[in-house]
Amino acid sequence: MKLNPVYDSKNLSTSKVYLIDCVQYRYVRIEGNGKNIRYVFQPLPNQRKTSELSLNNTKLSIRCQEVQGMVYQQPKEQNVVQMGLL
């Protein structure tokens with residue numbers, strides 16, 4: 001697993017996987033404006049953390065690393081049809 005540090009917030013993508021404090025996250029959105037911008041990340045399924053994490057620009061460059069070659073894909077909706085036995 002190759003990790004690339006994230007120095008520029010313009011490189012964040014909702015389809016990439018990021019490693020923050022040994023937990024895999026996906027980028028969700030930006031909150032705030034001006035100097036108070038926060039980048040919000042959501043943990044991937046089956047991770048030990050379950051709540052969202054928000055980082056400012058300084059913490060983003062220190063703690064966030066992109067997992068190279070790993071892409072997040074939204075789970076597909078499954079329609080389940082249950083057939084009754086007659």
# chains A, B, ... in the order shown; residues from 1 in each chain; ligands from 1
call {"tool": "select_by_dssp", "arguments": {"residues": "chain A", "states": "strand (DSSP E or B)", "output": "number ranges by chain"}}
result
A: 3-5, 16-20, 23-31, 38-43, 53-55, 64-71
call {"tool": "write_last_selection", "arguments": {"atoms": "N, CA and C atoms", "output": "compact mmCIF listing (two decimals), in the first residue's frame"}}
result
# COMPACT_ATOMS: atom_id res chain seq x y z
N LEU A 3 1.39 5.28 0.09
CA LEU A 3 0.70 6.46 0.61
C LEU A 3 1.34 7.72 0.06
N ASN A 4 0.50 8.66 -0.38
CA ASN A 4 0.96 9.95 -0.86
C ASN A 4 0.43 11.03 0.08
N PRO A 5 1.30 11.87 0.64
CA PRO A 5 0.80 12.95 1.50
C PRO A 5 -0.04 13.94 0.71
N LYS A 16 -11.56 8.95 -4.00
CA LYS A 16 -10.30 8.41 -3.50
C LYS A 16 -10.42 8.01 -2.03
N VAL A 17 -9.51 7.15 -1.58
CA VAL A 17 -9.48 6.70 -0.19
C VAL A 17 -8.30 7.37 0.50
N TYR A 18 -8.54 7.87 1.72
CA TYR A 18 -7.51 8.57 2.48
C TYR A 18 -7.29 7.86 3.81
N LEU A 19 -6.05 7.86 4.25
CA LEU A 19 -5.68 7.24 5.52
C LEU A 19 -5.37 8.35 6.51
N ILE A 20 -6.15 8.41 7.59
CA ILE A 20 -5.96 9.40 8.64
C ILE A 20 -5.94 8.65 9.97
N VAL A 23 -6.95 4.92 9.93
CA VAL A 23 -8.33 4.61 9.59
C VAL A 23 -8.57 5.10 8.17
N GLN A 24 -9.28 4.32 7.36
CA GLN A 24 -9.56 4.69 5.98
C GLN A 24 -10.82 5.54 5.92
N TYR A 25 -10.70 6.68 5.24
CA TYR A 25 -11.80 7.63 5.10
C TYR A 25 -12.01 7.96 3.63
N ARG A 26 -13.17 8.55 3.35
CA ARG A 26 -13.42 9.13 2.05
C ARG A 26 -13.78 10.60 2.28
N TYR A 27 -13.40 11.45 1.34
CA TYR A 27 -13.67 12.88 1.43
C TYR A 27 -15.14 13.13 1.11
N VAL A 28 -15.80 13.98 1.94
CA VAL A 28 -17.23 14.20 1.75
C VAL A 28 -17.53 15.62 1.28
N ARG A 29 -17.07 16.64 2.04
CA ARG A 29 -17.46 18.01 1.71
C ARG A 29 -16.56 19.02 2.41
N ILE A 30 -16.76 20.29 2.06
CA ILE A 30 -16.08 21.42 2.69
C ILE A 30 -17.11 22.17 3.53
N GLU A 31 -16.70 22.59 4.73
CA GLU A 31 -17.56 23.42 5.58
C GLU A 31 -16.83 24.70 5.91
N ARG A 38 -13.06 23.86 6.78
CA ARG A 38 -12.85 22.52 7.35
C ARG A 38 -13.20 21.50 6.27
N TYR A 39 -12.37 20.47 6.18
CA TYR A 39 -12.58 19.39 5.21
C TYR A 39 -13.13 18.20 5.97
N VAL A 40 -14.29 17.72 5.55
CA VAL A 40 -15.00 16.66 6.27
C VAL A 40 -14.78 15.32 5.58
N PHE A 41 -14.42 14.31 6.39
CA PHE A 41 -14.17 12.95 5.91
C PHE A 41 -15.10 12.00 6.64
N GLN A 42 -15.53 10.95 5.94
CA GLN A 42 -16.39 9.93 6.50
C GLN A 42 -15.66 8.59 6.45
N PRO A 43 -15.66 7.83 7.55
CA PRO A 43 -14.95 6.54 7.52
C PRO A 43 -15.63 5.54 6.58
N LEU A 53 -15.02 13.07 10.51
CA LEU A 53 -13.84 13.77 10.98
C LEU A 53 -13.67 15.02 10.15
N SER A 54 -13.41 16.16 10.81
CA SER A 54 -13.17 17.39 10.06
C SER A 54 -11.78 17.92 10.40
N LEU A 55 -11.06 18.32 9.36
CA LEU A 55 -9.70 18.81 9.51
C LEU A 55 -9.58 20.18 8.88
N CYS A 64 -3.28 13.67 6.83
CA CYS A 64 -4.00 12.99 5.75
C CYS A 64 -3.04 12.48 4.68
N GLN A 65 -3.24 11.21 4.29
CA GLN A 65 -2.46 10.60 3.23
C GLN A 65 -3.40 9.86 2.28
N GLU A 66 -3.15 10.01 1.00
CA GLU A 66 -3.95 9.34 -0.02
C GLU A 66 -3.41 7.93 -0.24
N VAL A 67 -4.30 6.94 -0.26
CA VAL A 67 -3.92 5.57 -0.56
C VAL A 67 -3.91 5.43 -2.07
N GLN A 68 -2.73 5.27 -2.63
CA GLN A 68 -2.59 5.23 -4.09
C GLN A 68 -3.18 3.94 -4.64
N GLY A 69 -3.97 4.07 -5.69
CA GLY A 69 -4.54 2.91 -6.36
C GLY A 69 -5.81 2.38 -5.74
N MET A 70 -6.27 2.96 -4.64
CA MET A 70 -7.49 2.50 -3.99
C MET A 70 -8.60 3.51 -4.25
N VAL A 71 -9.74 3.03 -4.75
CA VAL A 71 -10.85 3.89 -5.12
C VAL A 71 -12.08 3.48 -4.34
call {"tool": "select_by_dssp", "arguments": {"residues": "chain A", "states": "helix (DSSP H, G or I)", "output": "list in words"}}
result
Ser9, Lys10, Asn11, Asn57, Thr58, Lys59, Leu60, Ser61, Ile62 and Arg63 of chain A
call {"tool": "write_last_selection", "arguments": {"atoms": "C-alpha atoms", "output": "mmCIF file, in the first residue's frame"}}
result
data_model
loop_
_atom_site.group_PDB
_atom_site.id
_atom_site.type_symbol
_atom_site.label_atom_id
_atom_site.label_comp_id
_atom_site.auth_asym_id
_atom_site.auth_seq_id
_atom_site.Cartn_x
_atom_site.Cartn_y
_atom_site.Cartn_z
ATOM 1 C CA SER A 9 -6.705 20.543 -0.730
ATOM 2 C CA LYS A 10 -7.463 20.950 -4.450
ATOM 3 C CA ASN A 11 -6.356 17.331 -4.932
ATOM 4 C CA ASN A 57 -5.875 23.061 6.195
ATOM 5 C CA THR A 58 -2.882 22.625 8.536
ATOM 6 C CA LYS A 59 -4.057 19.314 10.006
ATOM 7 C CA LEU A 60 -4.975 18.112 6.529
ATOM 8 C CA SER A 61 -1.381 18.427 5.340
ATOM 9 C CA ILE A 62 -0.010 16.778 8.511
ATOM 10 C CA ARG A 63 -2.392 13.855 9.103
#
call {"tool": "atom_distance", "arguments": {"atom1": "CA of Asn56 in chain A", "atom2": "CA of Leu12 in chain A"}}
result
13.2 Å
call {"tool": "closest_residue", "arguments": {"among": "A:Met1, A:Lys35, A:Gln47, A:Glu77", "to": "Asp21 in chain A", "atoms": "only C-alpha atoms"}}
result
A:Gln47
call {"tool": "atom_distance", "arguments": {"atom1": "CA of Leu44 in chain A", "atom2": "CA of Lys2 in chain A"}}
result
18.1 Å
call {"tool": "closest_residue", "arguments": {"among": "A:Asn36, A:Lys49, A:Asp8, A:Gln73", "to": "Cys22 in chain A", "atoms": "only C-alpha atoms"}}
result
A:Lys49
call {"tool": "decode", "arguments": {"residues": "range 25-70 of chain A", "atoms": "N, CA and C atoms", "output": "CSV table (one decimal), in the first residue's frame"}}
result
chain,number,residue,atom,x,y,z
A,25,TYR,N,-10.7,6.7,5.2
A,25,TYR,CA,-11.8,7.6,5.1
A,25,TYR,C,-12.0,8.0,3.6
A,26,ARG,N,-13.2,8.5,3.4
A,26,ARG,CA,-13.4,9.1,2.0
A,26,ARG,C,-13.8,10.6,2.3
A,27,TYR,N,-13.4,11.4,1.3
A,27,TYR,CA,-13.7,12.9,1.4
A,27,TYR,C,-15.1,13.1,1.1
A,28,VAL,N,-15.8,14.0,1.9
A,28,VAL,CA,-17.2,14.2,1.8
A,28,VAL,C,-17.5,15.6,1.3
A,29,ARG,N,-17.1,16.6,2.0
A,29,ARG,CA,-17.5,18.0,1.7
A,29,ARG,C,-16.6,19.0,2.4
A,30,ILE,N,-16.8,20.3,2.1
A,30,ILE,CA,-16.1,21.4,2.7
A,30,ILE,C,-17.1,22.2,3.5
A,31,GLU,N,-16.7,22.6,4.7
A,31,GLU,CA,-17.6,23.4,5.6
A,31,GLU,C,-16.8,24.7,5.9
A,32,GLY,N,-17.6,25.8,6.1
A,32,GLY,CA,-17.0,27.0,6.5
A,32,GLY,C,-16.6,27.9,5.3
A,33,ASN,N,-16.0,29.0,5.6
A,33,ASN,CA,-15.5,29.9,4.6
A,33,ASN,C,-14.3,30.7,5.1
A,34,GLY,N,-13.6,31.4,4.1
A,34,GLY,CA,-12.5,32.2,4.5
A,34,GLY,C,-11.4,31.4,5.1
A,35,LYS,N,-10.9,31.8,6.3
A,35,LYS,CA,-9.8,31.1,7.0
A,35,LYS,C,-10.3,29.9,7.8
A,36,ASN,N,-11.6,29.8,8.0
A,36,ASN,CA,-12.2,28.8,8.8
A,36,ASN,C,-12.7,27.6,8.0
A,37,ILE,N,-12.0,27.2,6.9
A,37,ILE,CA,-12.5,26.1,6.1
A,37,ILE,C,-12.1,24.8,6.8
A,38,ARG,N,-13.1,23.9,6.8
A,38,ARG,CA,-12.9,22.5,7.3
A,38,ARG,C,-13.2,21.5,6.3
A,39,TYR,N,-12.4,20.5,6.2
A,39,TYR,CA,-12.6,19.4,5.2
A,39,TYR,C,-13.1,18.2,6.0
A,40,VAL,N,-14.3,17.7,5.6
A,40,VAL,CA,-15.0,16.7,6.3
A,40,VAL,C,-14.8,15.3,5.6
A,41,PHE,N,-14.4,14.3,6.4
A,41,PHE,CA,-14.2,13.0,5.9
A,41,PHE,C,-15.1,12.0,6.6
A,42,GLN,N,-15.5,11.0,5.9
A,42,GLN,CA,-16.4,9.9,6.5
A,42,GLN,C,-15.7,8.6,6.4
A,43,PRO,N,-15.7,7.8,7.5
A,43,PRO,CA,-14.9,6.5,7.5
A,43,PRO,C,-15.6,5.5,6.6
A,44,LEU,N,-14.8,4.7,6.0
A,44,LEU,CA,-15.3,3.7,5.1
A,44,LEU,C,-16.1,2.6,6.0
A,45,PRO,N,-16.9,1.8,5.4
A,45,PRO,CA,-17.6,0.7,6.1
A,45,PRO,C,-16.6,-0.2,6.7
A,46,ASN,N,-16.9,-0.8,7.8
A,46,ASN,CA,-16.1,-1.8,8.5
A,46,ASN,C,-14.8,-1.2,9.1
A,47,GLN,N,-14.8,0.0,9.4
A,47,GLN,CA,-13.6,0.7,10.1
A,47,GLN,C,-14.0,0.8,11.6
A,48,ARG,N,-13.0,1.0,12.4
A,48,ARG,CA,-13.2,1.0,13.9
A,48,ARG,C,-13.9,2.4,14.3
A,49,LYS,N,-13.7,3.4,13.5
A,49,LYS,CA,-14.3,4.7,13.7
A,49,LYS,C,-15.6,4.8,12.9
A,50,THR,N,-16.6,5.4,13.5
A,50,THR,CA,-17.9,5.5,12.8
A,50,THR,C,-18.4,6.9,12.6
A,51,SER,N,-17.7,7.9,13.2
A,51,SER,CA,-18.2,9.3,13.1
A,51,SER,C,-17.3,10.1,12.1
A,52,GLU,N,-17.9,11.2,11.6
A,52,GLU,CA,-17.2,12.0,10.6
A,52,GLU,C,-16.0,12.7,11.3
A,53,LEU,N,-15.0,13.1,10.5
A,53,LEU,CA,-13.8,13.8,11.0
A,53,LEU,C,-13.7,15.0,10.2
A,54,SER,N,-13.4,16.2,10.8
A,54,SER,CA,-13.2,17.4,10.1
A,54,SER,C,-11.8,17.9,10.4
A,55,LEU,N,-11.1,18.3,9.4
A,55,LEU,CA,-9.7,18.8,9.5
A,55,LEU,C,-9.6,20.2,8.9
A,56,ASN,N,-8.8,21.1,9.5
A,56,ASN,CA,-8.5,22.3,8.9
A,56,ASN,C,-7.3,22.1,7.9
A,57,ASN,N,-6.9,23.2,7.2
A,57,ASN,CA,-5.9,23.1,6.2
A,57,ASN,C,-4.5,22.6,6.8
A,58,THR,N,-4.1,23.0,7.9
A,58,THR,CA,-2.9,22.6,8.5
A,58,THR,C,-2.9,21.1,8.9
A,59,LYS,N,-4.0,20.7,9.6
A,59,LYS,CA,-4.1,19.3,10.0
A,59,LYS,C,-4.2,18.4,8.8
A,60,LEU,N,-4.8,18.9,7.7
A,60,LEU,CA,-5.0,18.1,6.5
A,60,LEU,C,-3.6,17.7,6.0
A,61,SER,N,-2.7,18.7,5.9
A,61,SER,CA,-1.4,18.4,5.3
A,61,SER,C,-0.5,17.6,6.3
A,62,ILE,N,-0.8,17.6,7.6
A,62,ILE,CA,0.0,16.8,8.5
A,62,ILE,C,-0.5,15.3,8.6
A,63,ARG,N,-1.8,15.2,8.7
A,63,ARG,CA,-2.4,13.9,9.1
A,63,ARG,C,-3.0,13.0,8.0
A,64,CYS,N,-3.3,13.7,6.8
A,64,CYS,CA,-4.0,13.0,5.7
A,64,CYS,C,-3.0,12.5,4.7
A,65,GLN,N,-3.2,11.2,4.3
A,65,GLN,CA,-2.5,10.6,3.2
A,65,GLN,C,-3.4,9.9,2.3
A,66,GLU,N,-3.1,10.0,1.0
A,66,GLU,CA,-4.0,9.3,0.0
A,66,GLU,C,-3.4,7.9,-0.2
A,67,VAL,N,-4.3,6.9,-0.3
A,67,VAL,CA,-3.9,5.6,-0.6
A,67,VAL,C,-3.9,5.4,-2.1
A,68,GLN,N,-2.7,5.3,-2.6
A,68,GLN,CA,-2.6,5.2,-4.1
A,68,GLN,C,-3.2,3.9,-4.6
A,69,GLY,N,-4.0,4.1,-5.7
A,69,GLY,CA,-4.5,2.9,-6.4
A,69,GLY,C,-5.8,2.4,-5.7
A,70,MET,N,-6.3,3.0,-4.6
A,70,MET,CA,-7.5,2.5,-4.0
A,70,MET,C,-8.6,3.5,-4.3
